[in-house]
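The structure appears below as structure tokens.
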Amino acid sequence: MTSFDTSPQLNVWRGLLALAVVFVMLATTGWTALRNQRNTTALQSSISAWEHGRIAGHRLPAPDAAPAKLSRFFASLTAQQRGALARRYPLAVGNMNGAPVELRYRANRVALGQARKVELKRMHDHRLSANGQRAAGQRMHRFESLMSANRKILAFDPEGSGRVAEVFGDLTRAERVSVVVPGVDTDLLTFQRTYRKYSAPVGMAKSLYAAEKAASPSTRTAVIAWADYTTPGGLGLDSATAMRAQNGAVRLDALVRALPGEAPVSLFCHSYGSVVCGVAAHRLPERVADIAVAGSPGMRVTNASQLHTSAQVWAMRDADDWIQDVPYLELGGLGHGADPVSSAFGARVLSAADAKGHSGYFEPGTESLTNFAEIGVGAYRSVHCAETDEACRAGLSGTMAG
């Protein structure tokens with residue numbers, strides 16, 4: 001008689017139940033955050049205005065044209081004309097792949113100023129509840145912070161809970177570019193934190209940038225804190241599926257293809273961000289040299305070869321990271337596939353010694369951060385492997401810059 005213990009149907013339901021139990025358990029431990037669901041159309045309005053705009057009597061190119069075409073368009077303009085477009089269509093220009101990065105910084109500062117004024121009015125709008133006014137105040141202060149003269153905001157969208165990307169270093173002259181791709185509950189308000197700052201994209205990117213400069217002072221690097229996709233809110237259904245990752249993958253590919261120059265790019269993908277990187281891997285251009293994941297729930301494949309990428313695939317996980325308790329499987333769209341640090345997956349597994357649990361891979365002084373920095377500058381022979389056989393360095397050169 002067939003044993004129920006070996007029934008394929010029962011195993012499927014056990015897997016689904018395990019996923020549900022783990023996600024519900026973690027969601028009730030305080031990790032789920034309420035998200036601001038205001039819905040504005042500022043970006044869409046700016047894009048629409050651009051589509052109907054003119055300069056020197058000529059129609060403007062399509063805002064979603066190929067980055068190379070948009071780059072040639074902006075190069076054909078005078079400095080005054082470029083500045084006028086940034087002021088007239090700040091959100092469109094600030095998010096336009098192909099626009100010069102310095103012009104995007106200027107445009108986004110204008111857009112942030114406009115968004116700040118909107119929230120300042122809402123702070124004193126008596127039609128809103130006290131909580132609504134308080135939320136407006138939080139957004140206003142965040143916009144004000146992002147407007148600081150020393151900040152380089154590469155992308156900004158105030159819609160809903162918001163999206164944003166920030167650059168550290170000189171992106172135009174960089175010999176190596178790193179992109180930090182964060183996970184769940186990342187939005188405008190959690191983009192930067194005062195406490196546990198290295199668990200937020202800005203802290204992650206600043207820490208990585210400093211570590212890269214220490215690893216190779218002569219290598220010109222730039223690091224992007226990339227929170228320019230709509231992440232799942234907490235550990236619910238969104239985070240157990242690839243729905244948010246699909247859209248994020250499209251946006252990540254667009255970012256990389258629009259980066260200036262030809263410098264090699266390394267992606268550092270944390271938690272659900274590794275799902276985004278896994279989904280994007282097959283479409284990314286060859287200038288992506290590395291995809292490094294930390295605290296990954298999976299990359300939507302069974303092994304690294306199924307990512308169909310020419311990039312080196314790296315993985316690490318801290319011994320105290322709770323993510324190891326999430327079932328590494330994919331059933332009916334739930335779950336994200338095999339464990340990237342397992343030997344069967346085929347990634348180059350790195351040491352994460354001294355990392356601080358799930359959110360501490362970018363903490364200064366950790367081996368996880370040091371390993372990321374060595375990858376970021378291309379010093380592959382200097383990485384510390386998780387195993388004593390040093391298989392993670394096999395066949396790699398130690399070239400510093402592209």
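Following the order of the structure tokens, first chain is A, next is B, and so on, with residues numbered from 1 inside each chain and ligands from 1 in the order they appear.
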Quick one: DSSP strand (DSSP E) residues in segment 131-170 of chain A, as a PyMOL selection string? chain A and resi 152-157+163-169
Those in segment 160-284 of chain A with helix (DSSP H, G or I) from DSSP, as a ChimeraX atom specification: /A:197-199,201-215,237-240,243-258,272-283
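Interatomic distance, atom CA of Tyr328 of chain A to atom CA of Val276 of chain A: 16.2 Å.
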How close does each residue of segment 161-260 of chain A get to segment 335-352 of chain A, giving the shortest atom pair and distance in Å to one decimal for every residue with an atom at most 12 Å away, counting only C-alpha atoms, sorted by chain and residue number, as CSV?
```
residue,atom,partner,partner_atom,distance
A:Leu235,CA,A:Gly335,CA,11.6
A:Gly236,CA,A:Gly335,CA,11.4
A:Leu237,CA,A:Gly335,CA,9.7
A:Asp238,CA,A:Gly335,CA,10.4
A:Ser239,CA,A:Gly335,CA,8.6
A:Ala240,CA,A:Gly335,CA,5.2
A:Thr241,CA,A:Gly335,CA,6.1
A:Ala242,CA,A:His336,CA,7.6
A:Met243,CA,A:His336,CA,11.3
A:Ala245,CA,A:His336,CA,10.6
```
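Minimum distance to Ala258 of chain A across A:Leu60, A:Ala107, A:Met96, A:Ala75 (counting only C-alpha atoms) occurs at A:Met96.
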Which one of A:Ser46, A:Gln80, A:Ser359, A:Thr221 sits closest to Tyr209 of chain A if you count only C-alpha atoms? A:Thr221
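Closest to Val265 of chain A among A:Met123, A:Ala222, A:Leu334, A:Val383 is A:Ala222, based on only C-alpha atoms.
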